[in-house]
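Participant: What follows is a structure written as structure tokens; I'll ask about it next.
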Amino acid sequence: MAALETEVLVIGGGSTGAGVVRDAAMRGLGTVLVERKDLADGTTGRYHGLLHSGGRYAVKDPEAAKECIAENVILRRIASDCIEDTGGLFVSTPWDDPAFGDTFLQGCRATGVPVEEIDVAEALRREPRLHPGISRAFTVPDAALDPWKLVRGCARSAEEHGAQILLYHRVVALERDGDRVIGAVVRNELTGEELRIQAEVVVNAAGAWAGQIAQLAGGRVNVLPGKGIMIAMNHRLVNTVVNRCKPPADGDILVPIRTVCVIGTTDTKVADPDDLDVAQTEIDEMLDEGEKLVPGFREARALRAWAGARPLFSAEEVADTREVSRSHALIDHRERDGVERLVTITGGKTTTFRLMAEVAVDAACAQLGVDRPCRTHEEPLPGSGDGHFYALGSRLRAREPVPRPEEIICECELITRQRLEDAMERRHTANLDDIRRTLRLGMGPCQGGFCIYRATGILHAVERLDHRAANESLLAFLQERWKGVHPVLYGDQMRQARLDDWIFQGLLGVQHLPT
Ligand SMILES: Cc1cc2nc3c(=O)[nH]c(=O)nc-3n(C[C@H](O)[C@H](O)[C@H](O)COP(=O)(O)OP(=O)(O)OC[C@H]3O[C@@H](n4cnc5c(N)ncnc54)[C@H](O)[C@@H]3O)c2cc1C
């Protein structure tokens, strides 16, 4: 069997393991990480995508809230490219007790989570699709956090500091010499070959599988896999992370992620983190809860549903996994099971992964008898050095830094961007119908379905309109064209109108644009 030697062996390539390998490598320790599949293939790649402010835990789980806000501040500094700074809202819908808002405010203040109550009218101005019956609204610094960028960034940084990452390598045995763990046997899942990795200390960061790994060395970790389901909807129904202002429950958070948004989640105890199904009743429940936040939610298109398993650590058995703290757990098996050189880090959140890694590597250093300070809170991840947050549209901006004048804007009438801009400058009007009459824009078979939203964007730039005026122009054009379309809604024209309707209502949500 081939063999490898290292000081630290990390098991698990989710956010926790990736944080541990980076931290250990940055402290100058020889480190190897093994992951049975790809990076972030476990819970980290299936989570809700929320960089917690701590607001969600401020009332019920204050320790977790404090950890979240402290790490939220650090991650904004060191992992900015993985974060979209959407901000967060907690809102009291007609189904929520408005008095809970006071408890929430007190909880946030006691745990240091920045919070501000804003007028409901202001909340609805920011998020026009929210239920108009909301009675209270609070802002917190929630954001969207990209798990794949985060984990890959940590892995890249770890490699730059000399670590080795072995993907598709499954731990099949932990080896002991008396009371001491001395390494692992791993199987290459692609070739079937086995490899012996000798290590001075092993860090078990296998998330919901941490109990299985600890058992291989005769250790115990009571990890309760808490299943949660989520559904991705076909576009951003909100641009802010929106939470219900009530004690944590099912289906009470909506997170905008890139071009979609994700509603979640449930929390049920399951026996096996590899066996997670999504029941139709759970989908119905999520969609019903979504409707309470955003009326018409069910009419949007659900793209896909999936589940992840929370690695919840509890010293004793519990019936309801929501009762288990979201704070992390560090288990030094020397103290707990008499097994030396094995440390388990589990529980917690992706938001707190860096802190979890820090305490795990501190414990590993203690076992090794070395004292090396953690630096992961200081040094940004690769790609985050400039401190800029990810912004929706940045890819498009990078691809099209300057508009191309020969670009076709209206395929039916073959109108180029240059021709359109010239006409707009000549007419000097905010009325798209005037432009239509000038160029026959939107008068071909699609009746504006494909060109008019592009033309609105161009008008917005050429006439220096503010977004409200641009939205009004678009809506006025659609209204005007609809008058002529609706008397002939049959056959292919009916199909075309449905398609246009999907573009404008389904993708762009024009009914909800601020005007
Ligand atoms: C539904 C849901 C929603 C959530 N939403 C949020 C949220 O919005 N914000 C937030 O901060 N947190 C959230 N969390 C919590 C967060 O996702 C987890 O706490 C975090 O992802 C755990 O990361 P991890 O690295 O510990 O575990 P994982 O990501 O599961 O990583 C463990 C890894 O170990 C590997 N492994 C297992 N066995 C072996 C083996 N024998 N050999 C080698 N490798 C092995 C697995 O393949 C896996 O990749 C959510 C969790 C769930 C379930």
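Chain lettering (A, B, ...) mirrors the order of the structure tokens, residue numbering begins at 1 for each chain separately, and ligand numbering begins at 1 in order of display.
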Report as a PyMOL selection string all protein, DNA and RNA residues lying within 10 Å of Leu508 (chain A), evaluated on only C-alpha atoms, omitting residues in the same chain fewer than 3 positions from it.
Facilitator: chain A and resi 235-237+453+501-505+511-513
Participant: Go ahead and save the picked residues with C-alpha atoms, as a compact mmCIF listing (two decimals), in the first residue's frame.
Facilitator:
# COMPACT_ATOMS: atom_id res chain seq x y z
CA HIS A 235 -35.90 34.34 -10.21
CA ARG A 236 -35.12 36.79 -7.45
CA LEU A 237 -38.51 37.42 -5.88
CA TYR A 453 -36.77 45.17 -22.20
CA ASP A 501 -45.99 37.06 -20.55
CA TRP A 502 -43.52 34.59 -19.07
CA ILE A 503 -40.62 36.86 -19.94
CA PHE A 504 -42.22 39.98 -18.49
CA GLN A 505 -44.15 38.55 -15.54
CA GLN A 511 -45.84 44.02 -12.01
CA HIS A 512 -43.59 44.49 -9.01
CA LEU A 513 -41.09 46.96 -10.45
Participant: Name all residues at most 6 Å from region 45-54 of chain A (count only C-alpha atoms; drop same-chain ones fewer than 3 positions away) and give them as a PyMOL selection string.
Facilitator: chain A and resi 40-42+57-58+65+68-69+141-145+308+351
Participant: Can I get the selected residues back with all heavy atoms, as a compact mmCIF listing (two decimals), in the first residue's frame?
Facilitator:
# COMPACT_ATOMS: atom_id res chain seq x y z
N ALA A 40 -17.12 20.49 -0.91
CA ALA A 40 -18.49 20.99 -0.67
C ALA A 40 -19.57 20.11 -1.28
O ALA A 40 -20.61 20.59 -1.69
CB ALA A 40 -18.64 22.44 -1.17
N ASP A 41 -19.30 18.81 -1.34
CA ASP A 41 -20.33 17.90 -1.84
C ASP A 41 -21.31 17.53 -0.72
O ASP A 41 -22.42 17.07 -0.97
CB ASP A 41 -19.69 16.63 -2.39
CG ASP A 41 -20.70 15.76 -3.09
OD1 ASP A 41 -20.95 16.02 -4.28
OD2 ASP A 41 -21.27 14.86 -2.44
N GLY A 42 -20.92 17.74 0.52
CA GLY A 42 -21.79 17.38 1.66
C GLY A 42 -22.77 18.51 1.95
O GLY A 42 -23.27 19.17 1.04
N TYR A 57 -30.86 33.69 15.63
CA TYR A 57 -30.63 32.99 16.90
C TYR A 57 -30.65 33.91 18.11
O TYR A 57 -30.42 33.48 19.23
CB TYR A 57 -29.28 32.24 16.82
CG TYR A 57 -29.24 31.34 15.62
CD1 TYR A 57 -28.35 31.58 14.58
CD2 TYR A 57 -30.13 30.28 15.50
CE1 TYR A 57 -28.35 30.77 13.46
CE2 TYR A 57 -30.15 29.48 14.39
CZ TYR A 57 -29.24 29.72 13.37
OH TYR A 57 -29.26 28.93 12.27
N ALA A 58 -30.91 35.21 17.85
CA ALA A 58 -30.72 36.21 18.90
C ALA A 58 -31.58 35.94 20.13
O ALA A 58 -31.17 36.23 21.26
CB ALA A 58 -31.02 37.60 18.35
N ALA A 65 -25.80 33.29 18.20
CA ALA A 65 -25.96 34.63 17.61
C ALA A 65 -24.67 35.42 17.72
O ALA A 65 -24.23 36.07 16.76
CB ALA A 65 -27.11 35.37 18.30
N CYS A 68 -22.14 34.16 15.27
CA CYS A 68 -22.48 34.53 13.88
C CYS A 68 -22.10 35.96 13.59
O CYS A 68 -21.47 36.25 12.57
CB CYS A 68 -23.98 34.33 13.62
SG CYS A 68 -24.44 32.61 13.41
N ILE A 69 -22.43 36.90 14.47
CA ILE A 69 -22.16 38.30 14.14
C ILE A 69 -20.64 38.57 14.15
O ILE A 69 -20.13 39.29 13.29
CB ILE A 69 -22.94 39.31 15.02
CG1 ILE A 69 -22.75 40.73 14.49
CG2 ILE A 69 -22.64 39.21 16.48
CD1 ILE A 69 -23.17 40.97 13.07
N PRO A 141 -27.62 42.83 9.33
CA PRO A 141 -26.62 42.61 8.28
C PRO A 141 -26.51 41.16 7.79
O PRO A 141 -25.42 40.59 7.76
CB PRO A 141 -25.31 43.10 8.91
CG PRO A 141 -25.52 42.95 10.38
CD PRO A 141 -26.98 43.06 10.65
N ASP A 142 -27.62 40.53 7.42
CA ASP A 142 -27.56 39.23 6.75
C ASP A 142 -27.01 39.46 5.34
O ASP A 142 -27.03 40.57 4.82
CB ASP A 142 -28.97 38.64 6.58
CG ASP A 142 -29.53 38.04 7.87
OD1 ASP A 142 -28.75 37.77 8.80
OD2 ASP A 142 -30.76 37.83 7.93
N ALA A 143 -26.56 38.39 4.69
CA ALA A 143 -26.05 38.49 3.31
C ALA A 143 -26.12 37.10 2.68
O ALA A 143 -26.50 36.13 3.34
CB ALA A 143 -24.62 39.00 3.32
N ALA A 144 -25.78 37.02 1.39
CA ALA A 144 -25.73 35.71 0.72
C ALA A 144 -24.26 35.29 0.63
O ALA A 144 -23.40 36.09 0.28
CB ALA A 144 -26.35 35.82 -0.67
N LEU A 145 -24.01 34.02 0.93
CA LEU A 145 -22.63 33.50 0.97
C LEU A 145 -22.51 32.30 0.03
O LEU A 145 -23.25 31.33 0.18
CB LEU A 145 -22.30 33.09 2.42
CG LEU A 145 -20.94 32.45 2.69
CD1 LEU A 145 -19.81 33.43 2.40
CD2 LEU A 145 -20.85 32.01 4.16
N GLY A 308 -30.41 18.86 2.75
CA GLY A 308 -29.08 18.75 3.37
C GLY A 308 -29.25 18.27 4.79
O GLY A 308 -30.34 18.32 5.35
N THR A 351 -21.49 29.93 8.38
CA THR A 351 -21.12 31.28 8.80
C THR A 351 -19.98 31.27 9.82
O THR A 351 -19.14 32.17 9.83
CB THR A 351 -22.36 31.99 9.40
OG1 THR A 351 -23.38 32.04 8.41
CG2 THR A 351 -22.05 33.41 9.87
Participant: Between CA of Asp38 (chain A) and CA of Tyr168 (chain A), what is the distance in Å, rounded to a tenth?
Facilitator: 6.3 Å
Participant: Suppose you want the space between CA of Glu117 (chain A) and CA of Ile134 (chain A); what is it in Å?
Facilitator: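 If I compute the distance from CA of Glu117 (chain A) to CA of Ile134 (chain A), I get 12.9 Å.
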Participant: With distances taken over only C-alpha atoms and all ligand atoms, which of A:His333, A:Arg136, A:Arg304, A:His328 is nearest to ligand 1?
Facilitator: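 Using only C-alpha atoms and all ligand atoms, the shortest distance to ligand 1 belongs to A:His328.
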Participant: What does the distance between CA of Glu159 (chain A) and CA of Gly17 (chain A) come to in Å, to one decimal place?
Facilitator: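 A separation of 13.5 Å between them.
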Participant: So that each row is one residue of region 213-260 of chain A with an atom at most 9 Å from region 97-108 of chain A, can you give its shortest atom pair and the distance in Å to one decimal, using only C-alpha atoms, rows by chain and rising number, as a Markdown table?
Facilitator:
| residue | atom | partner | partner_atom | distance |
| --- | --- | --- | --- | --- |
| A:Cys245 | CA | A:Gly101 | CA | 6.5 |
| A:Lys246 | CA | A:Phe100 | CA | 6.2 |
| A:Pro247 | CA | A:Phe100 | CA | 8.3 |
Participant: Dump all heavy atoms for the selected residues as a PDB file, in the first residue's frame?
Facilitator:
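What landed in again.pdb:
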ATOM      1  N   CYS A 245     -40.236  37.285  11.372  1.00  0.00           N
ATOM      2  CA  CYS A 245     -39.858  37.702  12.722  1.00  0.00           C
ATOM      3  C   CYS A 245     -40.685  36.899  13.715  1.00  0.00           C
ATOM      4  O   CYS A 245     -41.767  37.323  14.138  1.00  0.00           O
ATOM      5  CB  CYS A 245     -40.070  39.204  12.879  1.00  0.00           C
ATOM      6  SG  CYS A 245     -39.320  39.831  14.388  1.00  0.00           S
ATOM      7  N   LYS A 246     -40.177  35.723  14.045  1.00  0.00           N
ATOM      8  CA  LYS A 246     -40.862  34.813  14.975  1.00  0.00           C
ATOM      9  C   LYS A 246     -39.834  33.758  15.386  1.00  0.00           C
ATOM     10  O   LYS A 246     -38.760  33.682  14.760  1.00  0.00           O
ATOM     11  CB  LYS A 246     -42.061  34.158  14.283  1.00  0.00           C
ATOM     12  CG  LYS A 246     -41.689  33.305  13.088  1.00  0.00           C
ATOM     13  CD  LYS A 246     -42.899  32.544  12.589  1.00  0.00           C
ATOM     14  CE  LYS A 246     -42.488  31.522  11.547  1.00  0.00           C
ATOM     15  NZ  LYS A 246     -43.467  30.545  11.238  1.00  0.00           N
ATOM     16  N   PRO A 247     -40.111  32.930  16.380  1.00  0.00           N
ATOM     17  CA  PRO A 247     -39.134  31.889  16.718  1.00  0.00           C
ATOM     18  C   PRO A 247     -38.875  31.003  15.503  1.00  0.00           C
ATOM     19  O   PRO A 247     -39.803  30.746  14.720  1.00  0.00           O
ATOM     20  CB  PRO A 247     -39.835  31.112  17.841  1.00  0.00           C
ATOM     21  CG  PRO A 247     -40.826  32.068  18.408  1.00  0.00           C
ATOM     22  CD  PRO A 247     -41.273  32.937  17.279  1.00  0.00           C
TER      23      PRO A 247
END
Participant: Enumerate, as a PyMOL selection string, the complete set of residues in region 120-352 of chain A that a backbone-based DSSP assignment places in strand (DSSP E or B).
Facilitator: chain A and resi 136-140+143-145+164-166+169-177+180-188+194-204+223-233+241-244+253-257+260-264+268-269+302-313+328-332+340+342-347
Participant: Please provide as a list in words all residues within 10 Å of Cys451 (chain A), with the sequence filter that same-chain residues fewer than 5 positions apart are discarded (counting only C-alpha atoms).
Facilitator: Ile408, Ile409, Cys410, Glu411, Cys412, Glu413, Ile415, Leu441, Gly442, Cys446 and Thr456 of chain A
